[in-house]
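Dropping structure-v3.cif in here (mmCIF, C-alpha atoms):
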```
data_start
#
loop_
_atom_site.group_PDB
_atom_site.id
_atom_site.type_symbol
_atom_site.label_atom_id
_atom_site.label_comp_id
_atom_site.auth_asym_id
_atom_site.auth_seq_id
_atom_site.Cartn_x
_atom_site.Cartn_y
_atom_site.Cartn_z
ATOM 1 C CA MET A 1 10.197 -5.898 -20.852
ATOM 2 C CA ALA A 2 11.363 -3.955 -17.809
ATOM 3 C CA SER A 3 14.768 -4.558 -16.357
ATOM 4 C CA SER A 4 15.084 -5.977 -12.862
ATOM 5 C CA SER A 5 16.922 -2.798 -11.858
ATOM 6 C CA GLU A 6 13.768 -0.685 -12.240
ATOM 7 C CA PRO A 7 13.234 1.159 -8.917
ATOM 8 C CA PRO A 8 10.013 0.309 -7.069
ATOM 9 C CA ALA A 9 7.052 2.672 -7.341
ATOM 10 C CA TRP A 10 3.662 2.077 -5.731
ATOM 11 C CA ASP A 11 0.171 3.414 -5.400
ATOM 12 C CA THR A 12 -2.499 2.780 -2.781
ATOM 13 C CA PHE A 13 -6.149 3.661 -2.303
ATOM 14 C CA VAL A 14 -7.842 5.242 0.734
ATOM 15 C CA ARG A 15 -11.497 6.001 1.440
ATOM 16 C CA ARG A 16 -10.845 9.518 2.718
ATOM 17 C CA PRO A 17 -7.754 11.748 2.572
ATOM 18 C CA ALA A 18 -7.779 11.772 6.397
ATOM 19 C CA ASP A 19 -7.120 8.002 6.291
ATOM 20 C CA VAL A 20 -3.504 8.688 5.276
ATOM 21 C CA THR A 21 -1.590 8.387 8.537
ATOM 22 C CA CYS A 22 2.029 9.387 8.159
ATOM 23 C CA GLY A 23 4.833 8.164 10.388
ATOM 24 C CA VAL A 24 3.045 5.135 11.879
ATOM 25 C CA GLU A 25 2.863 1.497 10.831
ATOM 26 C CA THR A 26 -0.289 1.072 8.771
ATOM 27 C CA PRO A 27 -1.711 -1.911 6.867
ATOM 28 C CA LEU A 28 -1.798 -1.063 3.153
ATOM 29 C CA VAL A 29 -2.567 -2.590 -0.199
ATOM 30 C CA LEU A 30 0.172 -1.516 -2.591
ATOM 31 C CA ARG A 31 -0.103 -1.736 -6.356
ATOM 32 C CA ASP A 32 3.172 -2.151 -8.246
ATOM 33 C CA LEU A 33 3.656 0.537 -10.914
ATOM 34 C CA ARG A 34 6.894 -0.766 -12.442
ATOM 35 C CA PRO A 35 6.634 -1.685 -16.118
ATOM 36 C CA GLY A 36 6.614 -5.342 -17.033
ATOM 37 C CA ARG A 37 4.634 -8.482 -16.298
ATOM 38 C CA ALA A 38 4.106 -7.668 -12.619
ATOM 39 C CA LYS A 39 2.687 -4.186 -13.274
ATOM 40 C CA TYR A 40 -0.451 -3.576 -11.184
ATOM 41 C CA GLY A 41 0.296 -6.615 -9.033
ATOM 42 C CA LEU A 42 -1.041 -6.176 -5.498
ATOM 43 C CA ARG A 43 0.789 -6.670 -2.212
ATOM 44 C CA HIS A 44 -0.665 -6.558 1.285
ATOM 45 C CA VAL A 45 1.881 -4.966 3.600
ATOM 46 C CA VAL A 46 2.389 -3.093 6.820
ATOM 47 C CA GLY A 47 4.201 0.096 5.908
ATOM 48 C CA VAL A 48 5.105 3.563 7.104
ATOM 49 C CA VAL A 49 3.957 6.420 4.858
ATOM 50 C CA HIS A 50 5.982 9.643 4.772
ATOM 51 C CA GLU A 51 4.627 12.896 3.359
ATOM 52 C CA GLY A 52 6.842 15.275 1.419
ATOM 53 C CA GLY A 53 9.454 12.666 0.621
ATOM 54 C CA GLY A 54 11.572 10.713 3.017
ATOM 55 C CA PRO A 55 12.898 7.180 3.244
ATOM 56 C CA GLY A 56 11.295 4.516 1.113
ATOM 57 C CA ASP A 57 9.844 4.138 -2.349
ATOM 58 C CA PRO A 58 7.649 6.665 -4.195
ATOM 59 C CA LEU A 59 3.937 6.257 -3.393
ATOM 60 C CA ALA A 60 0.901 7.728 -5.151
ATOM 61 C CA VAL A 61 -2.102 7.939 -2.812
ATOM 62 C CA ARG A 62 -5.526 7.818 -4.473
ATOM 63 C CA THR A 63 -9.136 7.887 -3.373
ATOM 64 C CA VAL A 64 -11.207 4.762 -4.023
ATOM 65 C CA VAL A 65 -12.399 6.304 -7.288
ATOM 66 C CA GLY A 66 -8.816 6.904 -8.421
ATOM 67 C CA VAL A 67 -8.329 10.632 -7.810
ATOM 68 C CA ALA A 68 -4.704 11.251 -6.828
ATOM 69 C CA LEU A 69 -4.173 13.189 -3.613
ATOM 70 C CA PRO A 70 -1.860 16.198 -3.970
ATOM 71 C CA GLY A 71 1.607 16.062 -2.508
ATOM 72 C CA ALA A 72 4.554 13.705 -2.572
ATOM 73 C CA TYR A 73 4.542 10.521 -0.494
ATOM 74 C CA THR A 74 6.940 7.646 0.096
ATOM 75 C CA VAL A 75 6.393 4.269 1.763
ATOM 76 C CA GLU A 76 8.725 2.056 3.787
ATOM 77 C CA ILE A 77 7.585 -1.576 3.768
ATOM 78 C CA VAL A 78 7.935 -2.958 7.296
ATOM 79 C CA ARG A 79 6.569 -6.443 6.620
ATOM 80 C CA HIS A 80 4.531 -8.351 4.073
ATOM 81 C CA LEU A 81 1.096 -9.790 4.870
ATOM 82 C CA PRO A 82 -0.448 -12.895 3.246
ATOM 83 C CA GLN A 83 -1.829 -12.511 -0.272
ATOM 84 C CA GLU A 84 -5.091 -14.070 0.863
ATOM 85 C CA ILE A 85 -6.727 -12.377 3.822
ATOM 86 C CA ALA A 86 -9.515 -14.024 5.793
ATOM 87 C CA GLY A 87 -12.744 -12.072 5.811
ATOM 88 C CA THR A 88 -16.469 -12.204 5.229
ATOM 89 C CA PRO A 89 -17.748 -11.602 1.690
ATOM 90 C CA TYR A 90 -19.377 -8.204 1.145
ATOM 91 C CA GLN A 91 -17.931 -6.825 4.380
ATOM 92 C CA ASP A 92 -15.312 -4.163 5.009
ATOM 93 C CA PHE A 93 -12.026 -5.139 3.332
ATOM 94 C CA TYR A 94 -10.071 -2.498 5.222
ATOM 95 C CA ALA A 95 -11.234 -4.003 8.544
ATOM 96 C CA ALA A 96 -10.036 -7.456 7.385
ATOM 97 C CA LEU A 97 -6.683 -5.949 6.366
ATOM 98 C CA ARG A 98 -6.268 -4.312 9.795
ATOM 99 C CA GLN A 99 -7.106 -7.639 11.464
ATOM 100 C CA ALA A 100 -4.507 -9.456 9.329
ATOM 101 C CA ALA A 101 -1.885 -6.903 10.355
ATOM 102 C CA LYS A 102 -2.614 -7.622 14.043
ATOM 103 C CA ALA A 103 -2.237 -11.403 13.601
ATOM 104 C CA PRO A 104 0.883 -12.961 15.143
ATOM 105 C CA ARG A 105 3.798 -13.336 12.750
ATOM 106 C CA ALA A 106 4.468 -16.805 11.413
#
```

Write-out of the structure in structure tokens:
Amino acid sequence: MASSSEPPAWDTFVRRPADVTCGVETPLVLRDLRPGRAKYGLRHVVGVVHEGGGPGDPLAVRTVVGVALPGAYTVEIVRHLPQEIAGTPYQDFYAALRQAAKAPRA
């Protein structure tokens, strides 16, 4: 079992490499890579991605088929979004995630 002192590490998936926008608040789905029971747990967040290192936790950016993009990235989590996001079945999940990020904070 992993210790609670294990540093956070994340990965996220994008449709196209151009979808990675660095330095701006972006809605993301992060997958926890720390060992233990929560490994691969998902979190919906608004975060700021930094290329080439920077503040935040390590982030692996992958295409939707799992190919890792080259380069080093980090992510700063600005705020957490709800685990369940309203949307229409069989529609664009990324559009629903962007809409949830625009919703007023509770």

- [ ] In Å, rounded to a single decimal, give me how far atom CA of Ala72 of chain A is from atom CA of His50 of chain A.
- [x]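 Going from atom CA of His50 of chain A over to atom CA of Ala72 of chain A covers 8.5 Å.
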
TODO: Using only C-alpha atoms, pick whichever of A:Val75, A:Ala103, A:Leu97, A:Val64 has the shortest atom-to-atom distance to Val29 of chain A.
DONE: A:Leu97

Task: atom CA of Gly47 of chain A to atom CA of Arg98 of chain A, straight-line distance in Å - done: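 Computing the Euclidean distance for atom CA of Arg98 of chain A and atom CA of Gly47 of chain A yields 12.0 Å.
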
Written as an mmCIF file with C-alpha atoms, in the coordinates of the input, what is the full residue list that the PyMOL selection byres ((chain A and resi 22) around 12) yields on the file shown?
```cif
data_model
loop_
_atom_site.group_PDB
_atom_site.id
_atom_site.type_symbol
_atom_site.label_atom_id
_atom_site.label_comp_id
_atom_site.auth_asym_id
_atom_site.auth_seq_id
_atom_site.Cartn_x
_atom_site.Cartn_y
_atom_site.Cartn_z
ATOM 1 C CA PRO A 17 -7.754 11.748 2.572
ATOM 2 C CA ALA A 18 -7.779 11.772 6.397
ATOM 3 C CA ASP A 19 -7.120 8.002 6.291
ATOM 4 C CA VAL A 20 -3.504 8.688 5.276
ATOM 5 C CA THR A 21 -1.590 8.387 8.537
ATOM 6 C CA GLY A 23 4.833 8.164 10.388
ATOM 7 C CA VAL A 24 3.045 5.135 11.879
ATOM 8 C CA GLU A 25 2.863 1.497 10.831
ATOM 9 C CA THR A 26 -0.289 1.072 8.771
ATOM 10 C CA PRO A 27 -1.711 -1.911 6.867
ATOM 11 C CA GLY A 47 4.201 0.096 5.908
ATOM 12 C CA VAL A 48 5.105 3.563 7.104
ATOM 13 C CA VAL A 49 3.957 6.420 4.858
ATOM 14 C CA HIS A 50 5.982 9.643 4.772
ATOM 15 C CA GLU A 51 4.627 12.896 3.359
ATOM 16 C CA GLY A 52 6.842 15.275 1.419
ATOM 17 C CA GLY A 53 9.454 12.666 0.621
ATOM 18 C CA GLY A 54 11.572 10.713 3.017
ATOM 19 C CA VAL A 61 -2.102 7.939 -2.812
ATOM 20 C CA ALA A 72 4.554 13.705 -2.572
ATOM 21 C CA TYR A 73 4.542 10.521 -0.494
ATOM 22 C CA THR A 74 6.940 7.646 0.096
ATOM 23 C CA VAL A 75 6.393 4.269 1.763
ATOM 24 C CA GLU A 76 8.725 2.056 3.787
#
```

- [ ] Give as a list in words every residue, naming chains and numbers as the document does, that has an atom within 10 Å of (-6.3, -12.7, 6.1), counting all atoms listed in the file.
- [x]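 Nearby residues: His44, Leu81, Pro82, Gln83, Glu84, Ile85, Ala86, Gly87, Phe93, Ala96, Leu97, Arg98, Gln99, Ala100, Ala101 and Ala103 of chain A.
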
Open item on the list: Using the chain letters and numbers from this file, what does the PyMOL selection byres ((chain A and resi 9) around 8) select? Give the answer as a count of residues only.
Closed with: 10

Task: d(atom CA of Phe13 of chain A, atom CA of Val45 of chain A) in Å - done: 13.2 Å

Task: A:Ala60, A:Leu30, A:Val78, A:Val67 ranked by distance to Leu42 of chain A, top pick (using all atoms listed in the file) - done: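 Of A:Ala60, A:Leu30, A:Val78, A:Val67, the one nearest Leu42 of chain A is A:Leu30, counting all atoms listed in the file.
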
- [ ] For each of A:Pro55, A:Thr12, A:Leu69, A:Thr88, take the minimum atom-to-atom distance to Gly41 of chain A, counting all atoms listed in the file, then give the residue where this is smallest.
- [x]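 Ranked by minimum distance to Gly41 of chain A, first place goes to A:Thr12.
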
TODO: Compare A:Ala95, A:Ala38, A:Ala68, A:Ile77 by their minimum atom-to-atom distance to Gly56 of chain A, counting all atoms listed in the file, and give me the closest one.
DONE: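 Of all the options, A:Ile77 lies closest to Gly56 of chain A.
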
Copy chain A out of the block into a file, keeping C-alpha atoms, as a JSON list (two decimals), in the first residue's frame.
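What landed in decode-v1.json:
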```json
[["chain", "number", "residue", "atom", "x", "y", "z"],
["A", 1, "MET", "CA", 0.00, 0.00, 0.00],
["A", 2, "ALA", "CA", 1.26, 3.48, -0.84],
["A", 3, "SER", "CA", 2.09, 5.91, 1.89],
["A", 4, "SER", "CA", 0.07, 9.10, 2.22],
["A", 5, "SER", "CA", 3.27, 11.06, 1.63],
["A", 6, "GLU", "CA", 3.48, 9.90, -2.00],
["A", 7, "PRO", "CA", 3.70, 13.05, -4.19],
["A", 8, "PRO", "CA", 0.82, 13.57, -6.62],
["A", 9, "ALA", "CA", 1.29, 12.60, -10.27],
["A", 10, "TRP", "CA", -1.40, 12.87, -12.93],
["A", 11, "ASP", "CA", -2.21, 12.16, -16.53],
["A", 12, "THR", "CA", -4.86, 13.61, -18.82],
["A", 13, "PHE", "CA", -6.16, 12.93, -22.30],
["A", 14, "VAL", "CA", -6.66, 15.38, -25.19],
["A", 15, "ARG", "CA", -8.13, 14.89, -28.66],
["A", 16, "ARG", "CA", -5.34, 16.75, -30.45],
["A", 17, "PRO", "CA", -1.91, 17.95, -29.27],
["A", 18, "ALA", "CA", -3.04, 21.51, -30.10],
["A", 19, "ASP", "CA", -5.71, 21.15, -27.38],
["A", 20, "VAL", "CA", -3.01, 21.53, -24.71],
["A", 21, "THR", "CA", -3.24, 25.18, -23.71],
["A", 22, "CYS", "CA", -0.46, 26.18, -21.36],
["A", 23, "GLY", "CA", -0.68, 29.06, -18.91],
["A", 24, "VAL", "CA", -4.48, 29.46, -18.88],
["A", 25, "GLU", "CA", -7.19, 27.96, -16.70],
["A", 26, "THR", "CA", -8.54, 24.91, -18.51],
["A", 27, "PRO", "CA", -11.10, 22.28, -17.51],
["A", 28, "LEU", "CA", -9.36, 18.89, -17.29],
["A", 29, "VAL", "CA", -9.99, 15.32, -16.31],
["A", 30, "LEU", "CA", -7.02, 14.16, -14.27],
["A", 31, "ARG", "CA", -6.22, 10.53, -13.57],
["A", 32, "ASP", "CA", -4.32, 9.83, -10.35],
["A", 33, "LEU", "CA", -1.11, 7.85, -10.96],
["A", 34, "ARG", "CA", -0.05, 7.36, -7.33],
["A", 35, "PRO", "CA", 0.17, 3.73, -6.24],
["A", 36, "GLY", "CA", -2.52, 2.41, -3.95],
["A", 37, "ARG", "CA", -6.28, 2.02, -3.85],
["A", 38, "ALA", "CA", -6.99, 5.37, -5.51],
["A", 39, "LYS", "CA", -4.71, 4.72, -8.50],
["A", 40, "TYR", "CA", -6.45, 5.68, -11.77],
["A", 41, "GLY", "CA", -9.15, 7.55, -9.87],
["A", 42, "LEU", "CA", -10.53, 10.44, -11.92],
["A", 43, "ARG", "CA", -10.97, 14.07, -10.88],
["A", 44, "HIS", "CA", -12.66, 16.84, -12.83],
["A", 45, "VAL", "CA", -10.76, 20.07, -12.22],
["A", 46, "VAL", "CA", -9.95, 23.48, -13.58],
["A", 47, "GLY", "CA", -6.18, 23.65, -13.80],
["A", 48, "VAL", "CA", -3.27, 25.51, -15.34],
["A", 49, "VAL", "CA", -0.89, 23.39, -17.43],
["A", 50, "HIS", "CA", 2.77, 24.41, -17.68],
["A", 51, "GLU", "CA", 5.12, 23.04, -20.33],
["A", 52, "GLY", "CA", 8.75, 22.29, -19.55],
["A", 53, "GLY", "CA", 8.22, 22.10, -15.82],
["A", 54, "GLY", "CA", 7.01, 24.81, -13.52],
["A", 55, "PRO", "CA", 4.78, 25.03, -10.48],
["A", 56, "GLY", "CA", 2.44, 22.16, -9.76],
["A", 57, "ASP", "CA", 2.42, 18.39, -9.96],
["A", 58, "PRO", "CA", 3.88, 16.24, -12.76],
["A", 59, "LEU", "CA", 1.42, 15.67, -15.62],
["A", 60, "ALA", "CA", 1.57, 13.19, -18.50],
["A", 61, "VAL", "CA", -0.49, 14.37, -21.48],
["A", 62, "ARG", "CA", -1.85, 11.64, -23.76],
["A", 63, "THR", "CA", -3.97, 11.45, -26.88],
["A", 64, "VAL", "CA", -7.36, 9.74, -26.57],
["A", 65, "VAL", "CA", -5.75, 6.49, -27.72],
["A", 66, "GLY", "CA", -3.10, 6.73, -25.00],
["A", 67, "VAL", "CA", -0.03, 7.94, -26.90],
["A", 68, "ALA", "CA", 2.04, 10.16, -24.60],
["A", 69, "LEU", "CA", 2.92, 13.59, -25.98],
["A", 70, "PRO", "CA", 6.63, 14.42, -25.82],
["A", 71, "GLY", "CA", 7.86, 16.95, -23.31],
["A", 72, "ALA", "CA", 7.49, 17.59, -19.61],
["A", 73, "TYR", "CA", 4.30, 19.12, -18.22],
["A", 74, "THR", "CA", 3.04, 20.12, -14.79],
["A", 75, "VAL", "CA", -0.46, 21.06, -13.62],
["A", 76, "GLU", "CA", -1.65, 23.46, -10.92],
["A", 77, "ILE", "CA", -5.16, 22.60, -9.72],
["A", 78, "VAL", "CA", -7.14, 25.83, -9.38],
["A", 79, "ARG", "CA", -10.45, 24.29, -8.31],
["A", 80, "HIS", "CA", -12.27, 20.98, -8.28],
["A", 81, "LEU", "CA", -15.43, 20.37, -10.32],
["A", 82, "PRO", "CA", -18.24, 17.94, -9.40],
["A", 83, "GLN", "CA", -17.59, 14.24, -9.98],
["A", 84, "GLU", "CA", -20.86, 13.99, -11.89],
["A", 85, "ILE", "CA", -21.21, 16.41, -14.78],
["A", 86, "ALA", "CA", -24.55, 17.09, -16.44],
["A", 87, "GLY", "CA", -24.63, 16.25, -20.11],
["A", 88, "THR", "CA", -26.47, 14.42, -22.85],
["A", 89, "PRO", "CA", -25.59, 10.77, -23.47],
["A", 90, "TYR", "CA", -23.52, 10.13, -26.60],
["A", 91, "GLN", "CA", -22.63, 13.82, -26.94],
["A", 92, "ASP", "CA", -19.33, 15.63, -26.54],
["A", 93, "PHE", "CA", -17.94, 15.06, -23.04],
["A", 94, "TYR", "CA", -15.37, 17.82, -23.42],
["A", 95, "ALA", "CA", -18.16, 20.33, -24.16],
["A", 96, "ALA", "CA", -19.99, 19.22, -20.98],
["A", 97, "LEU", "CA", -16.76, 19.61, -18.99],
["A", 98, "ARG", "CA", -16.24, 23.15, -20.33],
["A", 99, "GLN", "CA", -19.85, 24.00, -19.41],
["A", 100, "ALA", "CA", -19.35, 22.66, -15.87],
["A", 101, "ALA", "CA", -16.25, 24.83, -15.49],
["A", 102, "LYS", "CA", -18.30, 27.93, -16.42],
["A", 103, "ALA", "CA", -21.02, 27.17, -13.85],
["A", 104, "PRO", "CA", -21.14, 29.47, -10.81],
["A", 105, "ARG", "CA", -19.24, 28.19, -7.79],
["A", 106, "ALA", "CA", -21.30, 26.73, -4.98]]
```
